[in-house]
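A.B. asks: Right, I'll just put the structure down here and ask away after.
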Amino acid sequence: MRIAVCVKQVPDTTEVKIDPKTGTLIREGVPSIINPFDQFAVEEAVRLRDAAGGGEVIAISMGPPQARSVLVHSMALGADRGVLLCDRGFAGADTWATALSLSLAIKKLGEFDLVLCGMQAIDGDTAQVGPELAQLLSLPQITYVDKVEIEGRKVVARRQLDEGYEVVEARMPALLTLMTPSDFVPTNPPFSKISRAQKKPLDTWGICDVGGDPEKLGLKGSFTTVTRVYTPPKREKAVMLEGTPTEIARKLADVLAKEGFI
Amino acid sequence: MTEPIQVNFEKCTGCGLCSKSCPFGAITIVEKKARIGELCTLCSACVQICPVQAITIERREVKVDLSLYRDVWVVTEVGEGCMKGVSFELLGKARELAAELGQKVCALLLGHGVRQYTDSLAEYGADVVYLAESEALARYTTDAYSPVISGLIAKHKPNIVLFPATRMGRDLAPRVAATLGLGLTADCTGLSIKDGMLLQTRPAFGGNIMADILCPYTRPQMATVRPNVMPKPEPQRGRRAEVVEVPVKLDPKSARVHLREQVRTCAAGGKKIDEADVVVTGGRGACDANGFELLQALADELGGVVGASRVAIDLGKKPKSVQVGQSGITVSPKLYIACGVSGAIQHTVGMRGSKLVIAVNTDPGAPIFEFAQYGVVGDLFQIVPALTEEIRRRKACK
Ligand SMILES: Cc1cc2nc3c(=O)[nH]c(=O)nc-3n(C[C@H](O)[C@H](O)[C@H](O)COP(=O)(O)OP(=O)(O)OC[C@H]3O[C@@H](n4cnc5c(N)ncnc54)[C@H](O)[C@@H]3O)c2cc1C
Ligand SMILES: Cc1cc2nc3c(=O)[nH]c(=O)nc-3n(C[C@H](O)[C@H](O)[C@H](O)COP(=O)(O)OP(=O)(O)OC[C@H]3O[C@@H](n4cnc5c(N)ncnc54)[C@H](O)[C@@H]3O)c2cc1C
Ligand code: SF4
Ligand code: SF4
């Protein structure tokens with residue numbers, strides 16, 4: 001069983017706060033973490049490899065040099081090796097250029113039974129890289145998967161729908177995007193595993209290494225451009241209602257009556 | 001390769017504004033000049049903030065004739081025996097955009113036994129309906145829908161294509177975008193025309209920041225839009241559309257993903273949480289004892305439904321289908337009452353669009369109060385039953 005897992009390094013958006021005075025993002029001290037959905041993907045890849053009785057799990061990330069840490073983390077979770085796509089020419093990629101870069105790396109690495117992605121990254125929040133990558137690799141895709149098993153040459157996955165879920169099967173190779181099931185508890189690898197992971201093979205590839213055309217990657221290859229980023233307009237602070245529960249209930253009911261709810 | 005982002009040191013005054021504005025912490029001020037490090041993602045936040053225009057980002061050139069592309073398309077989605085509301089919301093937006101551009105609105109309708117919906121698509125704003133009727137399209141699958149839609153786009157060259165940001169749309173739109181080599185903007189909350197182009201506004205960073213995005217180089221300009229963020233237009237009864245039949249020849253062997261089992265669920269009580277006018281949501285604070293029963297009683301009194309934070313779902317108090325937030329459902333009811341919900345970003349992105357928000361929380365510092373018009377610092381186990389009782393009393397007096 002040979003599995004490629006795409007992992008992205010993201011700022012921990014639960015830690016990102018907005019400066020109440022200036023309205024700008026406070027990113028000081030915000031840790032960079034592995035995208036939570038990708039952690040689940042890595043753990044599933046390792047489990048599936050082991051259940052299949054062996055194989056190889058390769059974690060791939062595109063990002064600045066410090067994105068190395070998410071690959072080390074992935075290897076501490078059990079991935080066999082890591083590949084970091086790191087080149088200023090990759091920077092500024094939109095989802096298309098990101099998917100194209102990842103597809104070049106995956107093709108260079110050879111044949112895979114499965115390619116796993118997270119459902120979405122918690123910074124860009126687009127959920128587009130997985131399906132775009134599937135198309136570029138000409139693979140069938142199964143998105144929003146929270147449960148996956150292998151039966152012979154088939155992958156069987158439970159995917160969440162807007163209402164309910166469905167269980168589908170596909171012949172491998174296939175690409176899956178994973179969402180964490182609500183009972184998932186991420187593994188915190190112990191120090192011993194992290195230090196062992198430091199010794200696993202980790203390659204760093206630039207545009208030339210993957211045989212890419214610099215005109216088609218990074219910012220130059222992107223079709224979308226971000227023209228402005230800003231903090232969303234703040235709402236006015238709530239009117240606080242005080243008193244005993246009965247008094248508060250009366251005041252709330254007045255509001256609801258005024259707005260036509262009762 | 002030269003860096004696409006450059007700082008003009010002659011202009012730069014070292015004021016440091018850019019460094020503060022960079023969401024990725026990529027800028028340091030060295031010897032009173034801005035230096036851009038490798039963390040830079042070329043997001044352009046610094047370019048706009050610099051008071052002396054010292055930072056520039058070089059972009060690619062336009063190579064195709066963009067004026068050949070016309071009309072605003074909406075990919076519609078059919079639910080269980082009905083047209084999904086988001087299809088009408090998108091048609092409303094498409095009408096607005098098309099009117100400004102002097103172009104037509106076209107709806108794409110794919111499925112089996114869906115011809116019946118062409119009239120309502122016309123009433124909600126479609127001038128043309130592309131109808132692809134086939135047994136092979138009865139259930140949404142990537143392998144069937146993506147080539148049909150990619151083919152239509154390649155043939156008719158629309159200017160703009162809008163997809164619903166539902167599970168279906170978010171599976172489909174990027175597949176189509178990658179097939180045709182097009183840009184795609186995710187989860188837009190605002191769409192308008194600026195200098196003839198589609199200005200797409202969307203949240204990122206879990207709703208912490210907003211971004212304006214353009215697709216300057218390719219056509220069509222494509223975007224996904226979440227349900228409940230655009231208002232549903234008033235239908236114009238009797239309005240007609242031209243129906244264009246799209247012949248579908250799908251090789252059954254081309255399907256690579258096969259269905260084994262499907263389970264459809266709905267929020268208890270039938271009404272779906274993203275369609276309700278009133279949502280009463282409970283968080284961890286409501287997970288003790290009979291907290292959710294109290295919320296249900298209040299919701300019943302107001303004709304609403306009960307929602308939950310992810311914590312409450314994880315504790316098994318409510319099914320996943322009523323989870324409000326980033327990894328749940330986006331709601332925009334007329335009234336949202338949050339009880340024992342702290343207001344974490346992942347939660348508030350899912351309820352920001354609500355018209356009137358009331359929050360009850362024992363902690364006066366809870367962030368949810370920043371999203372509420374009315375706040376109560378208090379114990380929901382006292383406040384909620386008192387309010388339910390008060391509403392009952394008033395209704396009885398009417
Ligand atoms: C404010 C802002 C808004 C943006 N909006 C858009 C937009 O609307 N459309 C658009 O095309 N681009 C957009 N971008 C660019 C987009 O964020 C980047 O292209 C990003 O590299 C990939 O998108 P994502 O983070 O949304 O990933 P998603 O598509 O949400 O990620 C899904 C999965 O893909 C894999 N993956 C994604 N990125 C990487 C990576 N670098 N390395 C390894 N695996 C990865 C992971 O498995 C991840 O779980 C935006 C950027 C910013 C800063
Ligand atoms: C990738 C990711 C995705 C996520 N997606 C979602 C999502 O879709 N939706 C979501 O909701 N969360 C989501 N979360 C989780 C989110 O970060 C928060 O952990 C969660 O929203 C907190 O839920 P809560 O407000 O119920 O609980 P808490 O944060 O524990 O807050 C409980 C609140 O109740 C108050 N309280 C306690 N007792 C009472 C009482 N008797 N009366 C009144 N108030 C009381 C407390 O003061 C406190 O403010 C996600 C997290 C991640 C990392
Ligand atoms: S904002 Fe402009 S002038 Fe100020 S430090 Fe940055 S580049 Fe220089
Ligand atoms: S373009 Fe964005 S990421 Fe790059 S330096 Fe400017 S603000 Fe930072």
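Letters A, B, ... go to the chains of the structure tokens in the order shown; residues in each chain start at 1; ligands are counted from 1 in the same order.
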So which residues touch segment 286-298 of chain B within 7 Å, counting only C-alpha atoms, skipping near sequence neighbours fewer than 6 positions away, as a PDB file with all heavy atoms, in the first residue's frame?
C.D. replies:
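Heads up, here's the output in result-v3.pdb:
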```
ATOM      1  N   VAL B 280     -32.359  28.415  18.190  1.00  0.00           N
ATOM      2  CA  VAL B 280     -31.916  28.527  19.574  1.00  0.00           C
ATOM      3  C   VAL B 280     -30.772  27.523  19.745  1.00  0.00           C
ATOM      4  O   VAL B 280     -30.969  26.326  19.589  1.00  0.00           O
ATOM      5  CB  VAL B 280     -33.056  28.183  20.556  1.00  0.00           C
ATOM      6  CG1 VAL B 280     -32.581  28.340  21.999  1.00  0.00           C
ATOM      7  CG2 VAL B 280     -34.272  29.063  20.298  1.00  0.00           C
ATOM      8  N   VAL B 306     -33.659  23.884  17.280  1.00  0.00           N
ATOM      9  CA  VAL B 306     -32.518  23.932  18.182  1.00  0.00           C
ATOM     10  C   VAL B 306     -31.241  23.578  17.418  1.00  0.00           C
ATOM     11  O   VAL B 306     -31.194  22.600  16.678  1.00  0.00           O
ATOM     12  CB  VAL B 306     -32.716  22.960  19.365  1.00  0.00           C
ATOM     13  CG1 VAL B 306     -31.456  22.860  20.227  1.00  0.00           C
ATOM     14  CG2 VAL B 306     -33.890  23.430  20.218  1.00  0.00           C
ATOM     15  N   ALA B 312     -21.255  20.501  21.980  1.00  0.00           N
ATOM     16  CA  ALA B 312     -22.498  19.813  22.328  1.00  0.00           C
ATOM     17  C   ALA B 312     -22.725  18.590  21.425  1.00  0.00           C
ATOM     18  O   ALA B 312     -23.280  17.577  21.867  1.00  0.00           O
ATOM     19  CB  ALA B 312     -23.679  20.778  22.226  1.00  0.00           C
ATOM     20  N   LYS B 317     -25.127  15.447  22.622  1.00  0.00           N
ATOM     21  CA  LYS B 317     -26.418  16.047  22.987  1.00  0.00           C
ATOM     22  C   LYS B 317     -27.313  16.264  21.763  1.00  0.00           C
ATOM     23  O   LYS B 317     -28.522  16.337  21.886  1.00  0.00           O
ATOM     24  CB  LYS B 317     -26.193  17.390  23.694  1.00  0.00           C
ATOM     25  CG  LYS B 317     -25.481  17.269  25.019  1.00  0.00           C
ATOM     26  CD  LYS B 317     -26.414  16.692  26.071  1.00  0.00           C
ATOM     27  CE  LYS B 317     -25.638  16.408  27.350  1.00  0.00           C
ATOM     28  NZ  LYS B 317     -26.493  15.774  28.374  1.00  0.00           N
ATOM     29  N   CYS B 339     -27.101  30.119  23.759  1.00  0.00           N
ATOM     30  CA  CYS B 339     -27.135  29.893  25.200  1.00  0.00           C
ATOM     31  C   CYS B 339     -25.959  29.018  25.624  1.00  0.00           C
ATOM     32  O   CYS B 339     -25.835  27.884  25.163  1.00  0.00           O
ATOM     33  CB  CYS B 339     -28.433  29.208  25.604  1.00  0.00           C
ATOM     34  SG  CYS B 339     -29.898  30.080  25.043  1.00  0.00           S
ATOM     35  N   GLY B 340     -25.087  29.541  26.469  1.00  0.00           N
ATOM     36  CA  GLY B 340     -23.948  28.754  26.932  1.00  0.00           C
ATOM     37  C   GLY B 340     -22.980  28.429  25.815  1.00  0.00           C
ATOM     38  O   GLY B 340     -22.361  27.376  25.791  1.00  0.00           O
ATOM     39  N   PHE B 381     -29.973  28.223  32.803  1.00  0.00           N
ATOM     40  CA  PHE B 381     -30.973  27.369  33.472  1.00  0.00           C
ATOM     41  C   PHE B 381     -32.025  28.202  34.205  1.00  0.00           C
ATOM     42  O   PHE B 381     -33.074  27.696  34.559  1.00  0.00           O
ATOM     43  CB  PHE B 381     -30.285  26.375  34.409  1.00  0.00           C
ATOM     44  CG  PHE B 381     -29.556  25.287  33.660  1.00  0.00           C
ATOM     45  CD1 PHE B 381     -28.245  25.466  33.236  1.00  0.00           C
ATOM     46  CD2 PHE B 381     -30.202  24.106  33.328  1.00  0.00           C
ATOM     47  CE1 PHE B 381     -27.583  24.483  32.519  1.00  0.00           C
ATOM     48  CE2 PHE B 381     -29.550  23.110  32.604  1.00  0.00           C
ATOM     49  CZ  PHE B 381     -28.234  23.301  32.207  1.00  0.00           C
ATOM     50  N   VAL B 384     -33.537  30.970  30.530  1.00  0.00           N
ATOM     51  CA  VAL B 384     -34.311  30.376  29.434  1.00  0.00           C
ATOM     52  C   VAL B 384     -35.729  29.980  29.872  1.00  0.00           C
ATOM     53  O   VAL B 384     -36.702  30.367  29.216  1.00  0.00           O
ATOM     54  CB  VAL B 384     -33.549  29.199  28.773  1.00  0.00           C
ATOM     55  CG1 VAL B 384     -34.422  28.454  27.786  1.00  0.00           C
ATOM     56  CG2 VAL B 384     -32.297  29.724  28.072  1.00  0.00           C
ATOM     57  N   PRO B 385     -35.893  29.252  31.005  1.00  0.00           N
ATOM     58  CA  PRO B 385     -37.271  28.926  31.411  1.00  0.00           C
ATOM     59  C   PRO B 385     -38.091  30.175  31.721  1.00  0.00           C
ATOM     60  O   PRO B 385     -39.276  30.233  31.387  1.00  0.00           O
ATOM     61  CB  PRO B 385     -37.091  28.078  32.680  1.00  0.00           C
ATOM     62  CG  PRO B 385     -35.661  27.716  32.749  1.00  0.00           C
ATOM     63  CD  PRO B 385     -34.883  28.662  31.889  1.00  0.00           C
ATOM     64  N   THR B 388     -39.192  31.555  28.376  1.00  0.00           N
ATOM     65  CA  THR B 388     -40.226  30.708  27.769  1.00  0.00           C
ATOM     66  C   THR B 388     -41.576  30.992  28.442  1.00  0.00           C
ATOM     67  O   THR B 388     -42.606  31.146  27.768  1.00  0.00           O
ATOM     68  CB  THR B 388     -39.862  29.218  27.948  1.00  0.00           C
ATOM     69  OG1 THR B 388     -38.508  29.038  27.533  1.00  0.00           O
ATOM     70  CG2 THR B 388     -40.755  28.323  27.114  1.00  0.00           C
TER      71      THR B 388
END
```
A.B. asks: Let me see if you get this right: every residue at most 7 Å from ligand 1, counting only C-alpha atoms and all ligand atoms, written as a VMD selection string.
C.D. replies: (chain A and resid 5 to 8 35 37 to 38 60 to 63 93 to 98 102 116 to 130 224 226 229) or (chain B and resid 43 183 to 186 204 209 to 211 213)
A.B. asks: Throw together the list of residues within 7 Å of ligand 3, counting only C-alpha atoms and all ligand atoms, and drop it here as a count of residues only.
C.D. replies: 21
A.B. asks: Return as JSON, numbers by chain the residues of protein, DNA or RNA that approach ligand 2 to within 7 Å, with only C-alpha atoms and all ligand atoms taken into account.
C.D. replies: {"A": [14, 36, 122], "B": [282, 283, 284, 285, 286, 308, 309, 310, 311, 312, 323, 324, 325, 326, 327, 328, 329, 339, 340, 341, 342, 343, 344, 345, 346, 347, 360, 361, 362, 363, 366, 378, 379, 380, 381]}
A.B. asks: Do a neighbour search on Pro31 of chain A at 12 Å with only C-alpha atoms, toss out local chain neighbours closer than 4 positions, and write the hits as a PyMOL selection string.
C.D. replies: (chain A and resi 9-16+26-27+35+66+69) or (chain B and resi 24-25)
A.B. asks: Check the smallest atom-to-atom distance from each of A:Asn188, A:Asp209, A:Pro131, A:Leu217 to Ser146 of chain B using only C-alpha atoms, then report the winner.
C.D. replies: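 Once distances to Ser146 of chain B are computed over only C-alpha atoms, the minimum belongs to A:Pro131.
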A.B. asks: Enumerate, as a PDB file with N, CA and C atoms, in the first residue's frame, the complete set of residues in segment 35-105 of chain B that a backbone-based DSSP assignment places in alpha helix (DSSP H).
C.D. replies:
```
ATOM      1  N   ALA B  45      -1.675  42.210   1.200  1.00  0.00           N
ATOM      2  CA  ALA B  45      -2.163  43.078   2.282  1.00  0.00           C
ATOM      3  C   ALA B  45      -1.236  44.277   2.463  1.00  0.00           C
ATOM      4  N   CYS B  46       0.077  44.045   2.384  1.00  0.00           N
ATOM      5  CA  CYS B  46       1.043  45.125   2.624  1.00  0.00           C
ATOM      6  C   CYS B  46       1.004  46.163   1.510  1.00  0.00           C
ATOM      7  N   VAL B  47       0.711  45.723   0.292  1.00  0.00           N
ATOM      8  CA  VAL B  47       0.702  46.637  -0.841  1.00  0.00           C
ATOM      9  C   VAL B  47      -0.337  47.728  -0.617  1.00  0.00           C
ATOM     10  N   GLN B  48      -1.524  47.297  -0.111  1.00  0.00           N
ATOM     11  CA  GLN B  48      -2.580  48.293   0.064  1.00  0.00           C
ATOM     12  C   GLN B  48      -2.294  49.224   1.219  1.00  0.00           C
ATOM     13  N   ILE B  49      -1.585  48.711   2.250  1.00  0.00           N
ATOM     14  CA  ILE B  49      -1.459  49.503   3.468  1.00  0.00           C
ATOM     15  C   ILE B  49      -0.352  50.555   3.336  1.00  0.00           C
ATOM     16  N   GLY B  85     -33.061  25.798  -1.981  1.00  0.00           N
ATOM     17  CA  GLY B  85     -33.219  27.249  -1.852  1.00  0.00           C
ATOM     18  C   GLY B  85     -32.009  28.021  -2.350  1.00  0.00           C
ATOM     19  N   VAL B  86     -30.835  27.443  -2.179  1.00  0.00           N
ATOM     20  CA  VAL B  86     -29.616  28.147  -2.594  1.00  0.00           C
ATOM     21  C   VAL B  86     -29.620  28.429  -4.098  1.00  0.00           C
ATOM     22  N   SER B  87     -30.284  27.584  -4.876  1.00  0.00           N
ATOM     23  CA  SER B  87     -30.350  27.816  -6.323  1.00  0.00           C
ATOM     24  C   SER B  87     -31.049  29.148  -6.608  1.00  0.00           C
ATOM     25  N   PHE B  88     -32.132  29.412  -5.861  1.00  0.00           N
ATOM     26  CA  PHE B  88     -32.867  30.665  -6.061  1.00  0.00           C
ATOM     27  C   PHE B  88     -32.053  31.858  -5.567  1.00  0.00           C
ATOM     28  N   GLU B  89     -31.363  31.659  -4.458  1.00  0.00           N
ATOM     29  CA  GLU B  89     -30.525  32.750  -3.941  1.00  0.00           C
ATOM     30  C   GLU B  89     -29.475  33.149  -4.983  1.00  0.00           C
ATOM     31  N   LEU B  90     -28.865  32.137  -5.611  1.00  0.00           N
ATOM     32  CA  LEU B  90     -27.838  32.423  -6.619  1.00  0.00           C
ATOM     33  C   LEU B  90     -28.439  33.078  -7.858  1.00  0.00           C
ATOM     34  N   LEU B  91     -29.646  32.648  -8.233  1.00  0.00           N
ATOM     35  CA  LEU B  91     -30.300  33.272  -9.391  1.00  0.00           C
ATOM     36  C   LEU B  91     -30.570  34.746  -9.116  1.00  0.00           C
ATOM     37  N   GLY B  92     -30.954  35.061  -7.871  1.00  0.00           N
ATOM     38  CA  GLY B  92     -31.202  36.458  -7.499  1.00  0.00           C
ATOM     39  C   GLY B  92     -29.941  37.281  -7.710  1.00  0.00           C
ATOM     40  N   LYS B  93     -28.827  36.754  -7.226  1.00  0.00           N
ATOM     41  CA  LYS B  93     -27.552  37.453  -7.371  1.00  0.00           C
ATOM     42  C   LYS B  93     -27.168  37.544  -8.845  1.00  0.00           C
ATOM     43  N   ALA B  94     -27.361  36.452  -9.576  1.00  0.00           N
ATOM     44  CA  ALA B  94     -27.009  36.429 -10.993  1.00  0.00           C
ATOM     45  C   ALA B  94     -27.777  37.497 -11.777  1.00  0.00           C
ATOM     46  N   ARG B  95     -29.056  37.669 -11.434  1.00  0.00           N
ATOM     47  CA  ARG B  95     -29.871  38.706 -12.092  1.00  0.00           C
ATOM     48  C   ARG B  95     -29.241  40.085 -11.938  1.00  0.00           C
ATOM     49  N   GLU B  96     -28.849  40.358 -10.693  1.00  0.00           N
ATOM     50  CA  GLU B  96     -28.237  41.651 -10.391  1.00  0.00           C
ATOM     51  C   GLU B  96     -26.975  41.861 -11.236  1.00  0.00           C
ATOM     52  N   LEU B  97     -26.106  40.841 -11.235  1.00  0.00           N
ATOM     53  CA  LEU B  97     -24.835  40.954 -11.951  1.00  0.00           C
ATOM     54  C   LEU B  97     -25.078  41.077 -13.445  1.00  0.00           C
ATOM     55  N   ALA B  98     -26.013  40.264 -13.955  1.00  0.00           N
ATOM     56  CA  ALA B  98     -26.287  40.249 -15.389  1.00  0.00           C
ATOM     57  C   ALA B  98     -26.874  41.578 -15.837  1.00  0.00           C
ATOM     58  N   ALA B  99     -27.741  42.167 -14.992  1.00  0.00           N
ATOM     59  CA  ALA B  99     -28.351  43.453 -15.346  1.00  0.00           C
ATOM     60  C   ALA B  99     -27.254  44.500 -15.494  1.00  0.00           C
ATOM     61  N   GLU B 100     -26.294  44.469 -14.582  1.00  0.00           N
ATOM     62  CA  GLU B 100     -25.229  45.461 -14.638  1.00  0.00           C
ATOM     63  C   GLU B 100     -24.337  45.283 -15.873  1.00  0.00           C
ATOM     64  N   LEU B 101     -24.181  44.031 -16.291  1.00  0.00           N
ATOM     65  CA  LEU B 101     -23.318  43.758 -17.435  1.00  0.00           C
ATOM     66  C   LEU B 101     -24.074  43.799 -18.760  1.00  0.00           C
TER      67      LEU B 101
END
```
A.B. asks: Take atom CA of Gly206 of chain A and atom CA of Pro216 of chain B and report the distance between them in Å, one decimal.
C.D. replies: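 Going from atom CA of Gly206 of chain A over to atom CA of Pro216 of chain B, I get 27.2 Å.
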A.B. asks: Hey, which bits of chain A sit within 12 Å of ligand 4, and for each residue what's the closest pair of atoms and how far apart in Å (one decimal), counting only C-alpha atoms and all ligand atoms, rows by chain and increasing number, as CSV?
C.D. replies:
```
residue,atom,partner,partner_atom_place_in_ligand_line,distance
A:Leu25,CA,ligand 4,7 (S),11.5
A:Arg27,CA,ligand 4,8 (Fe),11.9
A:Pro64,CA,ligand 4,3 (S),11.5
A:Arg88,CA,ligand 4,4 (Fe),11.4
A:Ala91,CA,ligand 4,4 (Fe),9.1
A:Gly92,CA,ligand 4,1 (S),8.2
A:Ala93,CA,ligand 4,3 (S),11.6
A:Leu219,CA,ligand 4,1 (S),10.7
A:Thr225,CA,ligand 4,1 (S),11.2
A:Val226,CA,ligand 4,2 (Fe),9.5
A:Thr227,CA,ligand 4,1 (S),10.2
A:Arg228,CA,ligand 4,2 (Fe),9.8
A:Val229,CA,ligand 4,7 (S),8.9
A:Tyr230,CA,ligand 4,7 (S),10.9
```
